[in-house]
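input-v4.txt (compact mmCIF, C-alpha atoms) appears below.
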```txt
# COMPACT_ATOMS: atom_id res chain seq x y z
CA MET D 4 62.14 24.96 -1.73
CA ILE D 5 61.34 26.56 1.59
CA PHE D 6 57.89 27.66 0.49
CA ASN D 7 56.16 24.69 2.08
CA ARG D 8 57.06 25.99 5.51
CA PHE D 9 55.41 29.33 4.89
CA ALA D 10 52.42 30.20 7.02
CA LYS D 11 49.29 31.07 5.07
CA GLU D 12 49.74 34.72 5.90
CA THR D 13 53.33 34.67 4.67
CA ARG D 14 52.20 33.27 1.33
CA ARG D 15 49.63 36.02 1.07
CA CYS D 16 52.31 38.62 1.77
CA VAL D 17 54.66 37.18 -0.82
CA VAL D 18 51.89 37.27 -3.42
CA ALA D 19 51.16 40.85 -2.39
CA ALA D 20 54.87 41.68 -2.69
CA VAL D 21 54.91 40.42 -6.27
CA GLU D 22 51.87 42.54 -7.07
CA GLU D 23 53.44 45.63 -5.50
CA ALA D 24 56.66 45.06 -7.44
CA ARG D 25 54.65 44.70 -10.65
CA MET D 26 52.73 47.88 -9.99
CA LEU D 27 55.86 49.89 -9.28
CA GLY D 28 57.69 48.60 -12.33
CA HIS D 29 60.28 46.67 -10.37
CA ASP D 30 61.62 44.13 -12.83
CA SER D 31 62.81 41.99 -9.95
CA ILE D 32 61.26 41.58 -6.52
CA GLY D 33 63.42 43.42 -4.04
CA ASP D 34 63.61 43.23 -0.27
CA GLU D 35 61.61 46.47 -0.14
CA ASP D 36 58.81 44.78 -2.06
CA LEU D 37 58.61 42.15 0.67
CA LEU D 38 58.14 45.02 3.10
CA LEU D 39 55.38 46.39 0.88
CA GLY D 40 53.82 42.93 0.79
CA ILE D 41 53.67 42.81 4.58
CA LEU D 42 52.16 46.28 4.70
CA ARG D 43 49.56 45.29 2.16
CA ALA D 44 48.50 41.86 3.28
CA ASP D 45 49.62 41.11 6.81
CA GLU D 46 47.24 41.14 9.74
CA GLY D 47 49.75 39.99 12.34
CA VAL D 48 52.37 41.52 14.58
CA ALA D 49 54.70 42.41 11.70
CA ALA D 50 52.22 44.83 10.16
CA GLU D 51 51.25 46.05 13.60
CA ALA D 52 54.86 46.81 14.53
CA LEU D 53 55.32 48.74 11.30
CA SER D 54 52.10 50.72 11.49
CA SER D 55 52.61 51.54 15.15
CA LEU D 56 55.83 53.31 14.14
CA GLY D 57 54.16 55.19 11.31
CA VAL D 58 55.12 52.94 8.40
CA THR D 59 52.19 52.73 5.99
CA LEU D 60 51.72 51.15 2.57
CA GLU D 61 51.11 54.53 0.95
CA TRP D 62 54.27 55.94 2.44
CA ALA D 63 56.33 52.94 1.31
CA ARG D 64 55.03 53.15 -2.26
CA LYS D 65 55.85 56.84 -2.43
CA GLU D 66 59.25 56.28 -0.90
CA SER D 67 60.07 53.56 -3.41
CA GLU D 68 59.03 55.82 -6.26
CA GLY D 69 61.02 58.64 -4.71
CA MET D 70 64.15 56.49 -4.62
CA LEU D 71 63.80 55.73 -8.31
CA SER D 72 63.33 59.39 -9.07
CA ASP D 73 66.37 60.30 -6.94
CA ALA D 74 68.52 57.68 -8.64
CA LEU D 75 67.65 59.18 -12.02
CA SER D 76 68.19 62.75 -10.94
CA SER D 77 71.64 61.80 -9.67
CA GLY D 78 72.34 61.15 -13.34
CA GLY D 79 70.77 64.42 -14.40
CA ILE D 80 67.47 62.92 -15.56
CA SER D 81 64.07 64.06 -14.40
CA TRP D 82 61.67 61.16 -13.99
CA GLU D 83 58.77 63.56 -13.57
CA GLU D 84 59.53 65.29 -16.86
CA MET D 85 59.90 62.05 -18.77
CA ARG D 86 56.64 60.89 -17.34
CA ARG D 87 54.91 64.11 -18.32
CA ALA D 88 56.29 63.95 -21.84
CA ALA D 89 55.01 60.42 -22.38
CA GLY D 90 51.45 61.41 -21.50
CA ASP D 91 48.58 59.41 -20.08
CA ALA D 92 49.81 56.10 -21.46
CA PHE D 93 52.83 56.17 -19.15
CA GLU D 94 52.71 53.71 -16.30
CA MET D 95 55.45 51.83 -14.51
CA ARG D 96 53.29 48.72 -14.16
CA ILE D 97 54.76 45.56 -15.67
CA PRO D 98 52.23 43.59 -17.78
CA ASP D 99 50.74 40.52 -16.11
CA TYR D 100 52.18 38.02 -18.56
CA ARG D 101 55.73 39.03 -17.77
CA LYS D 102 57.27 37.03 -14.96
CA ILE D 103 59.17 38.93 -12.28
CA PRO D 104 62.01 37.05 -10.58
CA PHE D 105 63.04 37.37 -6.95
CA SER D 106 66.20 39.40 -6.53
CA PRO D 107 69.17 37.89 -4.68
CA LYS D 108 68.43 40.29 -1.82
CA ALA D 109 64.84 39.11 -1.49
CA LYS D 110 65.99 35.48 -1.56
CA LYS D 111 68.46 36.27 1.18
CA VAL D 112 65.68 37.82 3.25
CA LEU D 113 63.53 34.71 2.94
CA GLU D 114 66.42 32.42 3.82
CA ARG D 115 67.21 34.53 6.82
CA ALA D 116 63.54 34.56 7.78
CA LEU D 117 63.60 30.78 7.89
CA ARG D 118 66.61 30.89 10.16
CA GLU D 119 64.80 33.32 12.45
CA ALA D 120 61.82 30.97 12.63
CA VAL D 121 64.12 28.12 13.64
CA ARG D 122 65.91 30.29 16.17
CA LEU D 123 62.63 31.36 17.77
CA ARG D 124 61.41 27.74 17.70
CA ASP D 125 58.33 28.60 15.68
CA ASN D 126 57.27 25.75 13.46
CA GLN D 127 56.06 27.91 10.60
CA LEU D 128 57.64 30.76 8.76
CA GLY D 129 55.50 33.74 9.73
CA THR D 130 55.44 37.32 8.53
CA GLU D 131 57.30 38.48 11.64
CA HIS D 132 60.21 36.28 10.59
CA VAL D 133 60.14 37.85 7.16
CA LEU D 134 60.27 41.28 8.76
CA LEU D 135 63.21 40.19 10.89
CA GLY D 136 64.88 38.91 7.74
CA ILE D 137 64.35 42.31 6.13
CA LEU D 138 65.79 44.10 9.15
CA ARG D 139 68.87 41.86 9.25
CA ASN D 140 69.61 42.51 5.60
CA GLU D 141 72.02 45.37 6.20
CA ASP D 142 72.58 46.46 2.64
CA GLY D 143 68.93 46.11 1.74
CA THR D 144 66.79 48.80 0.18
CA ALA D 145 64.05 48.46 2.82
CA ILE D 146 66.43 49.48 5.59
CA ARG D 147 67.39 52.59 3.68
CA MET D 148 63.76 53.47 3.17
CA LEU D 149 63.01 53.03 6.86
CA ALA D 150 66.03 55.11 7.79
CA ARG D 151 64.53 57.99 5.84
CA LEU D 152 61.62 57.80 8.24
CA GLY D 153 64.07 57.93 11.14
CA LEU D 154 63.64 54.25 11.97
CA SER D 155 66.53 51.94 12.76
CA PRO D 156 66.31 48.15 12.42
CA GLN D 157 66.75 47.92 16.19
CA MET D 158 63.72 50.10 16.89
CA LEU D 159 61.52 47.93 14.71
CA GLU D 160 62.92 44.72 16.10
CA ASP D 161 62.27 45.86 19.67
CA ARG D 162 58.70 46.76 18.82
CA LEU D 163 58.21 43.43 17.10
CA TYR D 164 59.35 41.44 20.13
CA GLU D 165 57.25 43.63 22.38
CA LEU D 166 54.11 42.88 20.35
CA ARG D 167 55.00 39.22 20.04
CA GLY D 168 55.36 38.93 23.79
CA ARG D 169 52.01 40.59 24.27
CA ALA D 170 50.35 38.31 21.74
CA ALA D 171 51.81 35.21 23.40
CA SER D 172 50.72 36.07 26.91
CA MET Q 28 71.69 66.82 -0.48
CA ASP Q 29 75.44 67.26 -0.53
CA GLU Q 30 75.88 63.62 -1.45
CA LYS Q 31 74.55 64.47 -4.86
CA THR Q 32 76.89 67.36 -5.48
CA ARG Q 33 79.89 65.28 -4.57
CA THR Q 34 79.30 62.38 -6.90
CA ARG Q 35 78.28 62.10 -10.49
CA VAL Q 36 76.84 59.13 -12.26
CA GLY Q 37 79.36 57.52 -14.52
CA GLY Q 38 82.14 58.68 -12.25
CA PRO Q 39 84.09 56.09 -10.31
CA GLU Q 40 83.46 57.79 -6.96
CA ASP Q 41 80.28 56.00 -6.09
CA PRO Q 42 79.65 52.83 -8.06
CA ARG Q 43 76.52 52.02 -6.10
CA GLN Q 44 74.85 55.27 -7.02
CA GLY Q 45 75.84 54.80 -10.64
CA LEU Q 46 74.45 51.29 -10.78
CA GLU Q 47 71.24 52.32 -9.07
CA ALA Q 48 70.76 55.05 -11.65
CA VAL Q 49 71.13 52.41 -14.36
CA VAL Q 50 68.44 50.23 -12.76
CA ALA Q 51 66.11 53.21 -12.40
CA LEU Q 52 66.71 54.14 -16.00
CA ARG Q 53 66.11 50.60 -17.25
CA ARG Q 54 62.78 50.42 -15.44
CA THR Q 55 61.75 53.84 -16.63
CA LEU Q 56 62.83 53.05 -20.17
CA GLU Q 57 60.55 50.02 -20.26
CA ALA Q 58 57.60 52.15 -19.15
CA LEU Q 59 58.52 54.87 -21.59
CA GLU Q 60 58.77 52.49 -24.53
CA ALA Q 61 55.42 50.93 -23.66
CA ALA Q 62 53.80 54.36 -23.43
CA GLN Q 63 55.24 55.72 -26.66
CA VAL Q 64 54.42 52.59 -28.66
CA GLU Q 65 50.91 52.80 -27.27
CA ASN Q 66 50.70 56.47 -28.22
CA ALA Q 67 51.74 55.64 -31.77
CA PHE Q 68 49.25 52.78 -31.95
CA VAL Q 69 46.44 55.00 -30.74
CA ALA Q 70 47.47 57.61 -33.29
CA GLY Q 71 46.89 55.00 -35.99
CA TRP Q 72 50.47 53.97 -36.76
CA SER Q 73 51.05 50.47 -38.08
CA TRP Q 74 53.46 48.05 -36.39
CA ALA Q 75 55.70 48.43 -39.42
CA GLN Q 76 55.85 52.20 -39.03
CA ILE Q 77 56.54 51.97 -35.32
CA ALA Q 78 59.23 49.35 -35.88
CA GLU Q 79 60.94 51.43 -38.55
CA VAL Q 80 61.34 54.45 -36.31
CA MET Q 81 62.55 52.28 -33.45
CA GLY Q 82 65.10 50.58 -35.65
CA VAL Q 83 63.89 47.07 -34.98
CA SER Q 84 61.90 44.46 -36.89
CA LYS Q 85 58.13 44.58 -37.07
CA GLN Q 86 58.04 41.16 -35.44
CA ALA Q 87 60.07 42.38 -32.48
CA VAL Q 88 57.72 45.28 -31.75
CA HIS Q 89 54.69 43.11 -32.24
CA LYS Q 90 55.97 40.39 -29.97
CA LYS Q 91 56.77 42.81 -27.19
CA HIS Q 92 53.79 45.14 -27.30
CA ALA Q 93 50.86 43.77 -29.30
CA LYS Q 94 49.28 41.66 -26.60
CA ARG Q 95 49.32 44.36 -23.95
CA ILE Q 96 48.02 47.04 -26.28
CA ARG Q 97 45.34 44.87 -27.87
CA ASP Q 98 44.15 43.95 -24.39
CA ARG Q 99 43.81 47.62 -23.64
CA TYR Q 100 42.18 48.53 -26.92
CA PRO Q 101 39.88 45.73 -27.93
CA GLY Q 102 38.24 46.27 -31.27
CA GLU Q 103 40.69 46.49 -34.13
CA PRO Q 104 41.94 47.86 -36.42
CA PRO Q 105 43.84 50.63 -34.73
CA ARG Q 106 42.04 53.86 -35.08
CA ARG Q 107 42.56 57.30 -33.71
CA LYS Q 108 41.14 57.37 -30.27
CA GLY Q 109 41.36 60.67 -28.47
CA LYS Q 110 41.45 60.40 -24.71
CA GLY Q 111 38.80 63.00 -24.20
CA GLU Q 112 40.93 65.75 -25.63
```

Transcribe the structure of this file into structure tokens.
Amino acid sequence: MIFNRFAKETRRCVVAAVEEARMLGHDSIGDEDLLLGILRADEGVAAEALSSLGVTLEWARKESEGMLSDALSSGGISWEEMRRAAGDAFEMRIPDYRKIPFSPKAKKVLERALREAVRLRDNQLGTEHVLLGILRNEDGTAIRMLARLGLSPQMLEDRLYELRGRAAS
Amino acid sequence: MDEKTRTRVGGPEDPRQGLEAVVALRRTLEALEAAQVENAFVAGWSWAQIAEVMGVSKQAVHKKHAKRIRDRYPGEPPRRKGKGE
């Protein structure tokens, strides 16, 4: 597949994304988990662009949990109450032996990331390309999360290019 | 949020919201099942007893939950184990 063109840092972020998905009980890896992976493991311009605009790992985890809770309450179910009723044993974490597949959205993000790398004439697929892939994925969950923080894809993209330019010079 | 008052899950008005509620419920259900089976195990229930209440075979419950729970509670057989309460 395209994995052999991943930069080392990108691999680390994908592994981190799987771990975040597992922890949050996501039974497939979504595009928002890739965002979480960058926030958790990246040390490059992608993470810098995000953090400079106030996007943190803690915030993203909470937001993801909040979206699940909101989805349930739209159906009249209180996640908090169910959680309370189940007691201390309740955790969303998916056991380690269960495999978690990539969702179609996450696959699309990675494919788009590869295209971005080609477009920018970078010879490896870096985390900034993954972030661009996330931002170009219009019906993605990550974009909706970021919008709740008042951030548009354009704002993040601009910041990313700004930091990239600075890093290159 | 007025979006919530306008649409109801199960209604045809907003399929996306309905489907997202299903996903959220599925994920929560998995966590809930794991927690309640664990609670029963800690309370000293046998796999057979747990399976009977859940309406599935003993093998099915065992296959799905035994490894995770035994990893968490090494030292069998299941015994009551209060969590500091």

> If we count all atoms listed in the file, which residues of chain D reach to within 6 Å of chain Q? Please list them as a list in words.
Replying inline: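 Within 6 Å of chain Q on chain D, we get Leu71, Ala74, Leu75, Gly78, Ala92, Phe93, Glu94 and Met95 of chain D.
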
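For D:Glu165, the list of residues within 9 Å, based on all atoms listed in the file and with local chain neighbours fewer than 5 positions off taken out, reads Ala52, Glu160 and Ala170 of chain D.
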
Atoms kept (C-alpha atoms) for selection, written as a compact mmCIF listing (two decimals), in the coordinates of the input:
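out_19.txt, written as the output of this step:
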```
# COMPACT_ATOMS: atom_id res chain seq x y z
CA ALA D 52 54.86 46.81 14.53
CA GLU D 160 62.92 44.72 16.10
CA ALA D 170 50.35 38.31 21.74
```

> Rounded to one decimal in Å, what is the spacing between atom CA of Q:Ser73 and atom CA of Q:Gln86?
Replying inline: 11.9 Å

>> Could you check the closest approach to D:Arg96 for each of D:Leu27, D:Leu159, D:Ala10, D:Ala120 and tell me which residue wins, using only C-alpha atoms?
In response: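 For D:Arg96, the nearest of the given residues is D:Leu27.
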
> If you count all atoms listed in the file, which residues fall within 8 Å of D:Ala49, apart from same-chain ones fewer than 6 positions away, as number ranges by chain?
Replying inline: D: 41, 130-131, 134, 163

> From the list D:Pro98, D:Arg124, D:Glu35, D:Arg169, which residue is nearest Q:Ile96 when using all atoms listed in the file?
Replying inline: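 Once distances to Q:Ile96 are computed over all atoms listed in the file, the minimum belongs to D:Pro98.
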
>> For a quick check of your reading of the model, name the residues lying within 6 Å of the coordinate (56.1, 47.1, -38.6), counting only C-alpha atoms, and write them as a PyMOL selection string.
In response: chain Q and resi 74-78+85

> Nearest to D:Ala20: which of D:Leu135, D:Asn7, D:Leu113, D:Asp36 is it, counting all atoms listed in the file?
Replying inline: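 Smallest separation from D:Ala20 among the options: D:Asp36.
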
>> Please report the interatomic distance between atom CA of D:Gly136 and atom CA of D:Arg101 in Å with one decimal.
In response: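 Here the two named atoms are 27.1 Å from each other.
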
> By how many Å are atom CA of D:Arg162 and atom CA of D:Glu23 apart?
Replying inline: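 If I compute the distance from atom CA of D:Arg162 to atom CA of D:Glu23, I get 24.9 Å.
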